Amino acid sequence: MSVVRGLVVTGLPHPVLCPDANEGYAAIRAAFEQAADLIRADEADLMVVYSTMWPSVIGHQIQARPEPTWVHVDEVFHSLGSMPYTFRIDAEFAHAWDEANKRRGLMSRTIDYHGFPIDTGSVVALKLLNPDNAIPAVICSSNVYSDRAETVVLGKACRETIEALGKRAVVVVVSSLSNRLFTDWIDPADDRIHSPKDEEWNAKLLEFLGEGRLEDVAQLSRQIQSQVRVHKVVNFKPMWWLSAVMGQHNGYDGDVLAYAPIHGTGATVTTLVPSAAALGDKEFDEDDVEVFAGDRNVLSGAAAPPVPLAPPSPEPRAAPAAGVVKTSAAPKPVGAYPHARRVGDLLYLSGVGPRQPEDDSIPGGPITNPDYDIEAQTRAVIENIRIILEAAGSSLDKVVDVTAFLVDMDRDFAGYNAVYAEVFEPIQATRTTLAIRALPTPIAVEFKVIALP
Amino acid sequence: MSTGSILAGALAPHPPHLIYAENPPQNEPRAECGWENLRWGYERMRKDLDALDYDVIVVLSPHWQTYVGTHFLGVPRFESLSVDPIFPNLFRFRYGLDVDVDLAEAICAEASSEGLVTQMMRNPDFRVDYGTIISSHMTRPAWDKPIVGISSCRNTAFYSVEVMQEQSLALGRATRRAIEASGKRALLLASNSLSHRHFTTEGALPEDMSREHITSHAMYLWDMKVIELMKQGRSREIFDLMPEFVTQAISEADSGALSWLLAAMDFPTEPAEVYAYGTVIGTGNVVAAWTNP
């Protein structure tokens, strides 16, 4: 399990500097301490922080200084006091994530300068969640212009790096829920959420997070931005990042450890743990982008070129296609395509059905037989996928994404879903299931798979 | 005590690139060249402003962003290292600046009397924002004048440009009254660019000027419209145009700095002296000053 826990935490300094000023601040502080205990029990070896309070313009920036040290003062709440810090940064991970970002088309760079101003939110999160620096940390900025695609790819690159380096990571987003501060000084005893509308939205967000419905919250990000966020930046992005780095689904055990107003904002410490019991399919209302090729190269005025995941062939028409996988152990393709193709750090499989490699027979019978067995077909599909993956040097447990096609959703979903769960529940690949009119051969089910090599 | 006055007000933008290209001893990174039109414009403006023999620089910076009122530096001296959070590769600057705390407190009090939420910043560990440092350095690199540092209250983000305008008007009036009562001769700096859409990529050599231009023609047209009004002394029209300008040009004037400057100078009708216009990583920047006759 690469990401063992996700957290959503406030970044305002009150839990550090004046936790006893009111009951709410004390509850948030106590929740931070509870979360720190949970993290210790997780035996995590990496803490990744994405802070909405560290804005960047030139892509995303990743802190890579091994021991940044400073005395930080918040630019608004400076009267509450100073926050001295020394953190332990996993520079190796920072550089690896930076490289993964670049491979996926993102503008990215590491930061290694004495005196770099680590933002209040990151300071608060690391001081309270990792008080003795037991876990090496990494901090990433939030680009003011970035959209969903860029932020999702950033999260996927982070997840890929966590897996590649074999880390047990806790991932943290520093963000308030509603972020409207009171614009005057208040007595902490009078603190409350800025408006009933903000309170209602916060309740909805916490209900979703408490139920572990992270991807649902991510898909609400634009509505959240328009409803309860002061528009300091183009988008509300932390849930895009968190969902992407945690696998983009709704199957988590969520727990709202605390929720309280801090100077009018909705402050929470909420934790999400990947759950073996929960089922949650991603139900994207937008493309699930792997590589960012958006609004770039504006300096030259030219359209952004496609971003290759692997070095392009110098003579693409004449050279054999790189990374192609064909195997006689799998059913013959019904067209001019390979069984799989490796591109960069991912392995893409062509659609795989249940046909048997040796004679093209269909386990469970063809769909021309009204009594065909969807469960037998599904098992055969998964077996064929295993054969192809292993021929490519991969394995079923490295599957990261599945798109399943059913010709009769009403009849077959339950049987297919049960067989699927037998194999894929521990793997926790993301999945999309579509109903389609027909497949090229008389089969009821076909999978399209993306895996790590 | 004689009546104080605002001798001049300048639009003094703060791209760290200018100091990077200038290579002052306080800045660690070194550059070959870059953004000469803006830097040479600053040189010409410095000569004109130095001749005025002002006592104090009052600067409102978009990069001290406060969401609870307007804040004022309130510690007599700051010495530290400023590292730009966006462009740390360009700007790592050792600074030492003296604060005119008396004048800061006076402006703060006047602003409070206008109904604004205010706060003096008394924490000695506070790091002065890089906008204040860059605009001050480019205007007075000798660092021999005390500074009054004013934060940017983010009314545009919180409410609207119109609310920012109202509060900037009040802050401008308060600034003028406090300066007049102080007997001091002040130079005001609005530390903001005009159009403010950045490029989101940067070349391996940041000072490669073959890559530098405005992000879009629309931004350029807006910048020219505002500059033309400045040159014609139609500052009130600039103020009135602000809601549209901020929206259309994503202008850093959303900080309230330019509105405050114009209000403090009671909307000068004399033409501004425009020393330079140039782009920095795609944003539009003008170096210009109004001097009170």
# chains A, B, ... in the order shown; residues from 1 in each chain; ligands from 1

call {"tool": "interface_residues", "arguments": {"of": "chain A", "to": "chain B", "cutoff": "10 Å", "atoms": "only C-alpha atoms", "output": "PyMOL selection string"}}
result
chain A and resi 54-61+70-84+106-108+111-119+141+143-146+180-185+229-233+263+295-301

call {"tool": "write_last_selection", "arguments": {"atoms": "C-alpha atoms", "output": "compact mmCIF listing (two decimals), in the first residue's frame"}}
result
# COMPACT_ATOMS: atom_id res chain seq x y z
CA TRP A 54 2.30 28.37 -1.15
CA PRO A 55 1.33 29.93 -4.48
CA SER A 56 3.58 29.49 -7.49
CA VAL A 57 3.50 30.87 -11.02
CA ILE A 58 6.23 28.97 -12.86
CA GLY A 59 4.66 25.54 -12.70
CA HIS A 60 4.93 23.75 -9.38
CA GLN A 61 7.80 24.03 -6.92
CA TRP A 70 13.86 29.80 9.85
CA VAL A 71 11.71 31.77 12.24
CA HIS A 72 8.42 32.21 10.45
CA VAL A 73 5.90 34.98 11.05
CA ASP A 74 2.50 34.99 9.39
CA GLU A 75 1.86 38.08 7.30
CA VAL A 76 -1.62 38.62 8.75
CA PHE A 77 -1.59 37.04 12.21
CA HIS A 78 1.90 38.26 13.14
CA SER A 79 0.69 39.49 16.51
CA LEU A 80 0.08 35.89 17.61
CA GLY A 81 3.81 35.24 17.65
CA SER A 82 6.66 33.62 15.74
CA MET A 83 7.05 30.01 14.63
CA PRO A 84 10.67 28.81 14.61
CA LEU A 106 4.41 19.62 -16.19
CA MET A 107 6.59 22.63 -15.54
CA SER A 108 8.26 21.74 -12.26
CA ILE A 111 13.81 24.54 -4.36
CA ASP A 112 16.98 24.36 -2.32
CA TYR A 113 17.78 27.81 -0.94
CA HIS A 114 18.51 28.93 2.59
CA GLY A 115 15.82 31.28 3.76
CA PHE A 116 13.19 30.25 1.26
CA PRO A 117 9.89 31.37 2.80
CA ILE A 118 8.03 28.19 3.67
CA ASP A 119 4.39 29.18 3.94
CA SER A 141 3.31 24.55 -4.08
CA ASN A 143 0.15 26.97 -8.96
CA VAL A 144 -2.17 29.96 -9.14
CA TYR A 145 -3.09 29.31 -12.77
CA SER A 146 -3.29 25.53 -12.74
CA ARG A 180 -13.69 33.62 4.07
CA LEU A 181 -12.01 35.31 7.01
CA PHE A 182 -13.64 37.99 9.05
CA THR A 183 -12.20 41.24 7.75
CA ASP A 184 -12.04 42.75 11.23
CA TRP A 185 -10.39 41.61 14.42
CA ARG A 229 -13.94 30.41 -1.57
CA VAL A 230 -12.50 33.89 -1.81
CA HIS A 231 -11.11 33.90 -5.31
CA LYS A 232 -7.45 34.35 -4.58
CA VAL A 233 -6.59 31.82 -7.25
CA HIS A 263 -11.41 33.65 12.19
CA ASP A 295 -1.74 25.97 -22.14
CA ARG A 296 2.00 26.03 -22.50
CA ASN A 297 4.64 27.58 -24.73
CA VAL A 298 2.79 30.86 -24.73
CA LEU A 299 6.14 32.62 -24.72
CA SER A 300 6.75 31.60 -28.29
CA GLY A 301 3.16 32.15 -29.30

call {"tool": "residues_around", "arguments": {"residues": "Asn235 (chain A)", "least_positions_apart": "6", "cutoff": "7 Å", "atoms": "only C-alpha atoms", "output": "list in words"}}
result
Asp147, Arg222 and Gln225 of chain A

call {"tool": "write_last_selection", "arguments": {"atoms": "C-alpha atoms", "output": "PDB file, in the first residue's frame"}}
result
ATOM      1  CA  ASP A 147      -6.487  23.839 -13.751  1.00  0.00           C
ATOM      2  CA  ARG A 222     -15.421  24.193  -9.167  1.00  0.00           C
ATOM      3  CA  GLN A 225     -14.623  27.581  -5.535  1.00  0.00           C
TER       4      GLN A 225
END

call {"tool": "residues_around", "arguments": {"residues": "Val286 (chain B)", "least_positions_apart": "5", "cutoff": "12 Å", "atoms": "only C-alpha atoms", "output": "ChimeraX atom specification"}}
result
/B:10-15,37-42,45,190-196,220,223-224,226-228,230-231,252-253,258,272-280

call {"tool": "atom_distance", "arguments": {"atom1": "CA of Cys18 (chain A)", "atom2": "CA of Asp191 (chain A)"}}
result
13.4 Å

call {"tool": "select_by_dssp", "arguments": {"residues": "region 28-245 of chain B", "states": "helix (DSSP H, G or I)", "output": "MDAnalysis selection string"}}
result
chainID B and resid 36:50 101:113 130:139 155:158 161:182 209:211 217:231 235:245

call {"tool": "write_last_selection", "arguments": {"atoms": "C-alpha atoms", "output": "compact mmCIF listing (two decimals), in the first residue's frame"}}
result
# COMPACT_ATOMS: atom_id res chain seq x y z
CA GLU B 36 17.30 47.20 -19.60
CA ASN B 37 14.46 49.43 -20.70
CA LEU B 38 12.83 49.17 -17.28
CA ARG B 39 16.10 49.41 -15.38
CA TRP B 40 17.25 52.42 -17.38
CA GLY B 41 13.85 53.96 -16.79
CA TYR B 42 14.33 53.47 -13.07
CA GLU B 43 17.73 55.19 -13.41
CA ARG B 44 16.15 58.25 -15.00
CA MET B 45 13.39 58.32 -12.42
CA ARG B 46 15.91 58.09 -9.59
CA LYS B 47 17.72 61.16 -10.87
CA ASP B 48 14.53 63.18 -10.95
CA LEU B 49 13.32 61.98 -7.57
CA ASP B 50 16.68 62.41 -5.86
CA VAL B 101 7.57 54.20 12.80
CA ASP B 102 6.24 57.60 13.83
CA LEU B 103 4.84 58.30 10.40
CA ALA B 104 3.56 54.73 10.07
CA GLU B 105 1.68 55.09 13.33
CA ALA B 106 0.30 58.44 12.24
CA ILE B 107 -1.01 57.03 8.94
CA CYS B 108 -2.38 54.02 10.78
CA ALA B 109 -4.24 56.27 13.21
CA GLU B 110 -5.62 58.45 10.42
CA ALA B 111 -6.73 55.35 8.52
CA SER B 112 -8.50 54.08 11.61
CA SER B 113 -10.27 57.40 11.91
CA TYR B 130 9.92 41.37 -1.48
CA GLY B 131 7.68 43.89 -3.24
CA THR B 132 8.50 46.54 -0.67
CA ILE B 133 12.19 45.69 -0.88
CA ILE B 134 12.44 45.68 -4.66
CA SER B 135 10.48 48.88 -5.26
CA SER B 136 12.45 50.63 -2.52
CA HIS B 137 15.79 49.40 -3.81
CA MET B 138 15.11 50.29 -7.41
CA THR B 139 13.99 53.76 -6.35
CA ASN B 155 -10.54 43.83 -0.77
CA THR B 156 -10.67 42.99 -4.47
CA ALA B 157 -10.48 39.29 -3.74
CA PHE B 158 -12.78 39.49 -0.76
CA VAL B 161 -12.83 46.23 -7.13
CA GLU B 162 -15.35 48.84 -6.02
CA VAL B 163 -14.80 48.08 -2.34
CA MET B 164 -11.05 48.19 -2.91
CA GLN B 165 -11.50 51.59 -4.53
CA GLU B 166 -13.48 52.99 -1.61
CA GLN B 167 -10.96 51.75 0.93
CA SER B 168 -8.02 52.95 -1.15
CA LEU B 169 -9.61 56.38 -1.32
CA ALA B 170 -9.88 56.46 2.46
CA LEU B 171 -6.34 55.16 2.92
CA GLY B 172 -5.05 57.76 0.46
CA ARG B 173 -6.76 60.60 2.31
CA ALA B 174 -5.40 59.28 5.59
CA THR B 175 -1.90 59.06 4.17
CA ARG B 176 -2.02 62.63 2.89
CA ARG B 177 -3.30 64.03 6.19
CA ALA B 178 -0.71 62.15 8.22
CA ILE B 179 2.15 63.29 5.99
CA GLU B 180 0.98 66.90 6.12
CA ALA B 181 0.76 66.75 9.89
CA SER B 182 4.19 65.16 10.16
CA MET B 209 15.40 38.73 -23.77
CA SER B 210 14.46 36.99 -27.00
CA ARG B 211 11.70 35.31 -25.00
CA HIS B 217 -2.07 42.06 -27.47
CA ALA B 218 -5.17 42.68 -25.39
CA MET B 219 -3.01 43.18 -22.32
CA TYR B 220 -0.80 45.54 -24.25
CA LEU B 221 -3.75 47.62 -25.38
CA TRP B 222 -4.97 47.96 -21.81
CA ASP B 223 -1.52 48.98 -20.61
CA MET B 224 -1.26 51.60 -23.34
CA LYS B 225 -4.69 52.95 -22.52
CA VAL B 226 -3.74 53.50 -18.89
CA ILE B 227 -0.32 54.92 -19.76
CA GLU B 228 -1.87 57.33 -22.21
CA LEU B 229 -4.18 58.61 -19.48
CA MET B 230 -1.17 58.98 -17.18
CA LYS B 231 0.67 61.01 -19.79
CA SER B 235 -5.58 60.35 -13.25
CA ARG B 236 -9.19 60.50 -12.13
CA GLU B 237 -10.15 58.60 -15.26
CA ILE B 238 -7.57 55.94 -14.41
CA PHE B 239 -9.24 55.56 -11.05
CA ASP B 240 -12.67 55.36 -12.60
CA LEU B 241 -11.45 52.84 -15.15
CA MET B 242 -10.06 50.57 -12.47
CA PRO B 243 -12.90 48.01 -12.24
CA GLU B 244 -12.71 47.28 -15.94
CA PHE B 245 -8.91 47.47 -16.08

call {"tool": "residues_around", "arguments": {"residues": "region 21-28 of chain B", "least_positions_apart": "5", "cutoff": "7 Å", "atoms": "only C-alpha atoms", "output": "list in words"}}
result
Cys33, Gly34, Phe91, Arg92, Phe93, Arg94 and Tyr95 of chain B

call {"tool": "write_last_selection", "arguments": {"atoms": "N, CA and C atoms", "output": "PDB file, in the first residue's frame"}}
result
ATOM      1  N   CYS B  33      22.535  40.328 -17.889  1.00  0.00           N
ATOM      2  CA  CYS B  33      21.875  41.496 -18.458  1.00  0.00           C
ATOM      3  C   CYS B  33      20.369  41.308 -18.247  1.00  0.00           C
ATOM      4  N   GLY B  34      19.588  42.150 -18.902  1.00  0.00           N
ATOM      5  CA  GLY B  34      18.161  41.885 -18.926  1.00  0.00           C
ATOM      6  C   GLY B  34      17.299  43.059 -18.506  1.00  0.00           C
ATOM      7  N   PHE B  91      16.104  35.908  -6.863  1.00  0.00           N
ATOM      8  CA  PHE B  91      16.080  36.941  -5.823  1.00  0.00           C
ATOM      9  C   PHE B  91      16.304  36.333  -4.451  1.00  0.00           C
ATOM     10  N   ARG B  92      17.533  36.515  -3.956  1.00  0.00           N
ATOM     11  CA  ARG B  92      17.877  36.132  -2.583  1.00  0.00           C
ATOM     12  C   ARG B  92      18.711  37.300  -2.048  1.00  0.00           C
ATOM     13  N   PHE B  93      18.046  38.197  -1.387  1.00  0.00           N
ATOM     14  CA  PHE B  93      18.536  39.556  -1.182  1.00  0.00           C
ATOM     15  C   PHE B  93      18.691  39.851   0.307  1.00  0.00           C
ATOM     16  N   ARG B  94      19.889  40.239   0.714  1.00  0.00           N
ATOM     17  CA  ARG B  94      20.139  40.674   2.096  1.00  0.00           C
ATOM     18  C   ARG B  94      19.715  42.128   2.232  1.00  0.00           C
ATOM     19  N   TYR B  95      18.772  42.367   3.090  1.00  0.00           N
ATOM     20  CA  TYR B  95      18.285  43.745   3.210  1.00  0.00           C
ATOM     21  C   TYR B  95      18.417  44.243   4.641  1.00  0.00           C
TER      22      TYR B  95
END

call {"tool": "residues_around", "arguments": {"residues": "region 351-365 of chain A", "least_positions_apart": "3", "cutoff": "10 Å", "atoms": "only C-alpha atoms", "output": "PyMOL selection string"}}
result
chain A and resi 327-333+337+339-340+348+368-385+388+403-405+439-449

call {"tool": "atom_distance", "arguments": {"atom1": "CA of Val399 (chain A)", "atom2": "CA of Tyr252 (chain A)"}}
result
19.0 Å

call {"tool": "residues_around", "arguments": {"residues": "Ile57 (chain B)", "least_positions_apart": "5", "cutoff": "7 Å", "atoms": "only C-alpha atoms", "output": "list of chain:residue names"}}
result
B:Lys145, B:Pro146, B:Ile147, B:Val148, B:Ala186, B:Leu187, B:Leu188

call {"tool": "select_by_dssp", "arguments": {"residues": "region 33-277 of chain B", "states": "strand (DSSP E)", "output": "ChimeraX atom specification"}}
result
/B:56-66,70-73,77-83,92-98,118-121,147-153,185-190,273-277

call {"tool": "closest_residue", "arguments": {"among": "B:Phe78, B:Trp260, B:Phe72, B:Trp35", "to": "Leu97 (chain B)", "atoms": "only C-alpha atoms"}}
result
B:Phe78

call {"tool": "closest_residue", "arguments": {"among": "A:Arg342, A:Lys204, A:Arg192, A:Arg148", "to": "Gly24 (chain A)", "atoms": "only C-alpha atoms"}}
result
A:Arg192
